[in-house]
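Participant: Below is the structure I would like to discuss, written out as structure tokens.
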Amino acid sequence: MKVEMKRVVLVTGASRGIGHAIAKRFCEAGDNVVINYNKTEKPAVELAQKFPNSSLAIRADVSKFDQVETMVDLAQRNFGPINIVVNNAGVALWQLFTEADETEFDRLFSVNVKGVFNVCKATVPQMIKCKTGKIVNISSVWGLVGASCEVLYSASKAAVIGFSKALAKELGPSNITVNCVAPGIIDTDMNGKITKETVEKLKQNTPLARLGKTDEIADAVFFLASDSANYITGQVLGVDGGFVIT
Ligand code: NAP
């Protein structure tokens, strides 16, 4: 009889919004889940309390390699090798390019790009040893088409796509897939400052004429992390109501 091993999943930025929905999806599926958070402890810990034997809330700033390494060590001591990584943690910035400075550049790239690098760096060696793994990186439609007043954010999300495509080629022979999900406009705190008028315009430019839900991103991530996606790598899956159709 074949004994099914539980999958070990790390979701970064899982205290709120899209990451929280993704972590919840894996928890409900019975996986062992590491619920990473940075500043917002309560909802991450509360989710972990609902799945006491199969989840762990761990604080780590993904932009700091030492913190990521400590989180991964703790996770692997509890659950064994991590087989699924969801790099979701991210920060946004709405600002004219002429007003953005070096500090903002460093902040966005250290979380959105270096964070993905740090988590992959800490988890990929073990995946290579196990000859199996699935990495899903959360990019954005703006990483595909660019957004006015979001130059740094768009550039950081485009970098995530380039990183993922290259890593997919390098890790394919080790049976590790690397894919991106590019969400459209999703109803989370990240969009809390967008005016009602802008939201209406964005809806008008979306064929499905509405914002997306966090669960809809979670479903796409869950699929890319599943055996149903074993032959998919290096791809960018748009989950955007048709906002970007090429
Ligand atoms: P959100 O509601 O603002 O949540 C962001 C999450 O990232 C929080 O859990 C936050 O944790 C975490 N985070 C931020 N900096 C971190 C750090 N240094 N280390 C660890 N965790 C960190 O954002 P969201 O809308 O859910 O976005 C999630 C991802 O989807 C991001 O990568 C974003 O770029 C992408 N995305 C979002 C949209 C959208 O419309 N919402 C569209 C396209 C792509 P703490 O609160 O604990 O610090």
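Numbering starts fresh at 1 for the residues of each chain in the structure tokens, the chains themselves are lettered A, B, ... in the order given, and ligands are numbered from 1 as they appear.
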What does the list of residues within 6 Å of ligand 1 look like if you count only C-alpha atoms and all ligand atoms, written as a PyMOL selection string?
Facilitator: chain A and resi 12-19+37-40+60-63+88-91+111+138-140+183-191
Participant: Would you mind writing down, as a ChimeraX atom specification, each residue of range 10-130 of chain A that DSSP on the backbone assigns to strand (DSSP E)?
Facilitator: /A:10-11,32-37,55-59,84-87
Participant: Limited to all heavy atoms, could you put the picked residues into a file as a short mmCIF file (atom, residue, chain, number, x, y, z; two decimals), in the first residue's frame?
Facilitator:
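Output (selection06.cif):
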data_model
loop_
_atom_site.label_atom_id
_atom_site.label_comp_id
_atom_site.auth_asym_id
_atom_site.auth_seq_id
_atom_site.Cartn_x
_atom_site.Cartn_y
_atom_site.Cartn_z
N LEU A 10 5.15 26.36 2.25
CA LEU A 10 5.50 27.65 2.87
C LEU A 10 4.83 28.76 2.06
O LEU A 10 5.06 28.88 0.85
CB LEU A 10 7.02 27.84 2.87
CG LEU A 10 7.55 29.26 3.14
CD1 LEU A 10 7.15 29.76 4.52
CD2 LEU A 10 9.08 29.30 3.00
N VAL A 11 4.01 29.55 2.74
CA VAL A 11 3.37 30.70 2.08
C VAL A 11 3.87 31.97 2.75
O VAL A 11 3.68 32.17 3.96
CB VAL A 11 1.82 30.65 2.20
CG1 VAL A 11 1.19 31.80 1.41
CG2 VAL A 11 1.28 29.31 1.71
N ASN A 32 0.67 20.32 5.49
CA ASN A 32 1.43 20.99 6.55
C ASN A 32 1.79 22.37 6.02
O ASN A 32 2.43 22.48 4.96
CB ASN A 32 2.71 20.22 6.87
CG ASN A 32 2.42 18.95 7.64
OD1 ASN A 32 1.59 18.94 8.54
ND2 ASN A 32 3.08 17.87 7.29
N VAL A 33 1.40 23.40 6.74
CA VAL A 33 1.53 24.75 6.18
C VAL A 33 2.27 25.69 7.13
O VAL A 33 1.93 25.81 8.30
CB VAL A 33 0.13 25.36 5.87
CG1 VAL A 33 0.28 26.72 5.19
CG2 VAL A 33 -0.68 24.43 4.99
N VAL A 34 3.28 26.35 6.58
CA VAL A 34 3.97 27.42 7.31
C VAL A 34 3.34 28.74 6.89
O VAL A 34 3.37 29.10 5.71
CB VAL A 34 5.48 27.43 7.01
CG1 VAL A 34 6.16 28.58 7.75
CG2 VAL A 34 6.10 26.09 7.39
N ILE A 35 2.78 29.42 7.87
CA ILE A 35 2.07 30.68 7.62
C ILE A 35 3.02 31.81 8.01
O ILE A 35 3.15 32.15 9.19
CB ILE A 35 0.77 30.72 8.48
CG1 ILE A 35 -0.12 29.51 8.16
CG2 ILE A 35 0.02 32.02 8.30
CD1 ILE A 35 -1.13 29.17 9.26
N ASN A 36 3.67 32.37 7.02
CA ASN A 36 4.66 33.43 7.32
C ASN A 36 3.96 34.79 7.45
O ASN A 36 3.02 35.09 6.72
CB ASN A 36 5.71 33.48 6.21
CG ASN A 36 6.47 34.80 6.21
OD1 ASN A 36 6.30 35.61 5.30
ND2 ASN A 36 7.28 35.05 7.23
N TYR A 37 4.44 35.58 8.41
CA TYR A 37 3.97 36.96 8.54
C TYR A 37 5.16 37.81 8.93
O TYR A 37 6.21 37.30 9.32
CB TYR A 37 2.84 37.07 9.58
CG TYR A 37 3.29 36.74 10.99
CD1 TYR A 37 3.66 37.76 11.87
CD2 TYR A 37 3.38 35.43 11.43
CE1 TYR A 37 4.11 37.46 13.16
CE2 TYR A 37 3.82 35.13 12.71
CZ TYR A 37 4.19 36.14 13.57
OH TYR A 37 4.64 35.86 14.83
N SER A 55 -0.04 23.16 11.08
CA SER A 55 0.39 24.48 10.62
C SER A 55 1.19 25.20 11.70
O SER A 55 1.11 24.85 12.88
CB SER A 55 -0.81 25.33 10.20
OG SER A 55 -1.50 25.76 11.34
N LEU A 56 1.93 26.18 11.23
CA LEU A 56 2.81 26.92 12.12
C LEU A 56 2.88 28.36 11.61
O LEU A 56 3.16 28.56 10.42
CB LEU A 56 4.20 26.28 12.00
CG LEU A 56 5.16 26.26 13.17
CD1 LEU A 56 4.53 25.69 14.42
CD2 LEU A 56 6.40 25.45 12.78
N ALA A 57 2.62 29.32 12.49
CA ALA A 57 2.78 30.73 12.07
C ALA A 57 4.20 31.15 12.47
O ALA A 57 4.59 31.02 13.63
CB ALA A 57 1.75 31.60 12.76
N ILE A 58 4.96 31.63 11.51
CA ILE A 58 6.35 32.02 11.81
C ILE A 58 6.62 33.43 11.28
O ILE A 58 6.40 33.72 10.10
CB ILE A 58 7.38 31.05 11.17
CG1 ILE A 58 7.08 29.60 11.55
CG2 ILE A 58 8.79 31.43 11.61
CD1 ILE A 58 8.06 28.57 10.96
N ARG A 59 7.14 34.29 12.19
CA ARG A 59 7.49 35.63 11.78
C ARG A 59 8.85 35.64 11.08
O ARG A 59 9.81 35.04 11.56
CB ARG A 59 7.56 36.58 12.98
CG ARG A 59 7.44 38.04 12.59
CD ARG A 59 7.90 38.98 13.69
NE ARG A 59 9.34 39.19 13.64
CZ ARG A 59 9.97 39.91 12.72
NH1 ARG A 59 9.30 40.52 11.75
NH2 ARG A 59 11.27 40.04 12.74
N ILE A 84 6.61 22.77 -1.33
CA ILE A 84 5.87 23.81 -2.08
C ILE A 84 6.18 25.17 -1.47
O ILE A 84 6.05 25.35 -0.25
CB ILE A 84 4.35 23.54 -2.04
CG1 ILE A 84 4.02 22.20 -2.73
CG2 ILE A 84 3.57 24.68 -2.68
CD1 ILE A 84 2.59 21.75 -2.57
N VAL A 85 6.59 26.10 -2.30
CA VAL A 85 6.85 27.47 -1.83
C VAL A 85 5.95 28.42 -2.59
O VAL A 85 5.90 28.38 -3.83
CB VAL A 85 8.33 27.84 -2.07
CG1 VAL A 85 8.53 29.34 -1.94
CG2 VAL A 85 9.24 27.11 -1.09
N VAL A 86 5.25 29.26 -1.86
CA VAL A 86 4.46 30.32 -2.51
C VAL A 86 5.03 31.66 -2.07
O VAL A 86 4.89 32.07 -0.91
CB VAL A 86 2.97 30.22 -2.15
CG1 VAL A 86 2.18 31.30 -2.91
CG2 VAL A 86 2.41 28.84 -2.44
N ASN A 87 5.73 32.33 -2.99
CA ASN A 87 6.30 33.64 -2.69
C ASN A 87 5.25 34.70 -2.98
O ASN A 87 5.09 35.14 -4.13
CB ASN A 87 7.55 33.87 -3.56
CG ASN A 87 8.75 33.15 -3.00
OD1 ASN A 87 9.12 33.34 -1.84
ND2 ASN A 87 9.37 32.30 -3.81
#
Participant: I want to know what sits within 10 Å of Ala100 in chain A, based on only C-alpha atoms, with residues of the same chain fewer than 3 positions away left out; could you give that as a list in words?
Facilitator: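 Residues near the query, excluding close chain neighbours: Leu93, Trp94, Gln95, Leu96, Phe97, Thr103, Glu104, Phe105, Cys149, Glu150, Val151 and Leu152 of chain A.
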Participant: Can you pull out the residues contacting Gly162 in chain A? Cut-off 12 Å, using only C-alpha atoms, and skip same-chain residues under 4 positions away; I want them as a list of chain:residue names.
Facilitator: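 Contacts, in chain order: A:Val113, A:Val116, A:Phe117, A:Asn137, A:Ser139, A:Gly143, A:Leu144, A:Ala155, A:Ser156, A:Lys157, A:Ala158, A:Ala166, A:Leu167, A:Ala168, A:Lys169, A:Val178, A:Asn179, A:Cys180, A:Gly234, A:Gln235, A:Val236.
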Participant: Taking only C-alpha atoms into account, name the residue in A:Ile161, A:Leu171, A:Ile135, A:Val9 that is nearest to Leu224 in chain A.
Facilitator: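 Using only C-alpha atoms, Leu224 in chain A sits closest to A:Ile135.
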Participant: Could you list, as a list of chain:residue names, every residue within 9 Å of range 243-245 of chain A, counting only C-alpha atoms and ignoring same-chain residues fewer than 5 positions away?
Facilitator: A:Val141, A:Leu144, A:Val145, A:Gly184, A:Ile185, A:Leu202, A:Lys203, A:Asn205, A:Thr206, A:Pro207, A:Leu208, A:Gly238
Participant: Nearest residue to Lys129 in chain A out of A:Ser228, A:Lys24, A:Thr214, A:Pro81, using only C-alpha atoms?
Facilitator: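 Comparing A:Ser228, A:Lys24, A:Thr214, A:Pro81 against Lys129 in chain A, the winner is A:Pro81.
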Participant: So, with only C-alpha atoms as the atoms that count, which of A:Lys201, A:Lys165, A:Lys134, A:Lys64 lies closest to Val119 in chain A?
Facilitator: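 The shortest atom-to-atom distance to Val119 in chain A comes from A:Lys64.
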Participant: I need the residue nearest Phe222 in chain A from this list: A:Phe51, A:Cys130, A:Val136, A:Asp106. Use only C-alpha atoms for the distance.
Facilitator: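 Among the listed residues, the smallest separation from Phe222 in chain A belongs to A:Val136.
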Participant: Would you kindly return, as a list of chain:residue names, each protein, DNA or RNA residue with an atom no farther than 10 Å from any atom of Asn230 in chain A, considering only C-alpha atoms and excluding same-chain residues fewer than 5 positions away?
Facilitator: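 Those residues are A:Gly133, A:Lys134, A:Asn175, A:Ile176, A:Thr177, A:Phe223, A:Leu224, A:Ala225.
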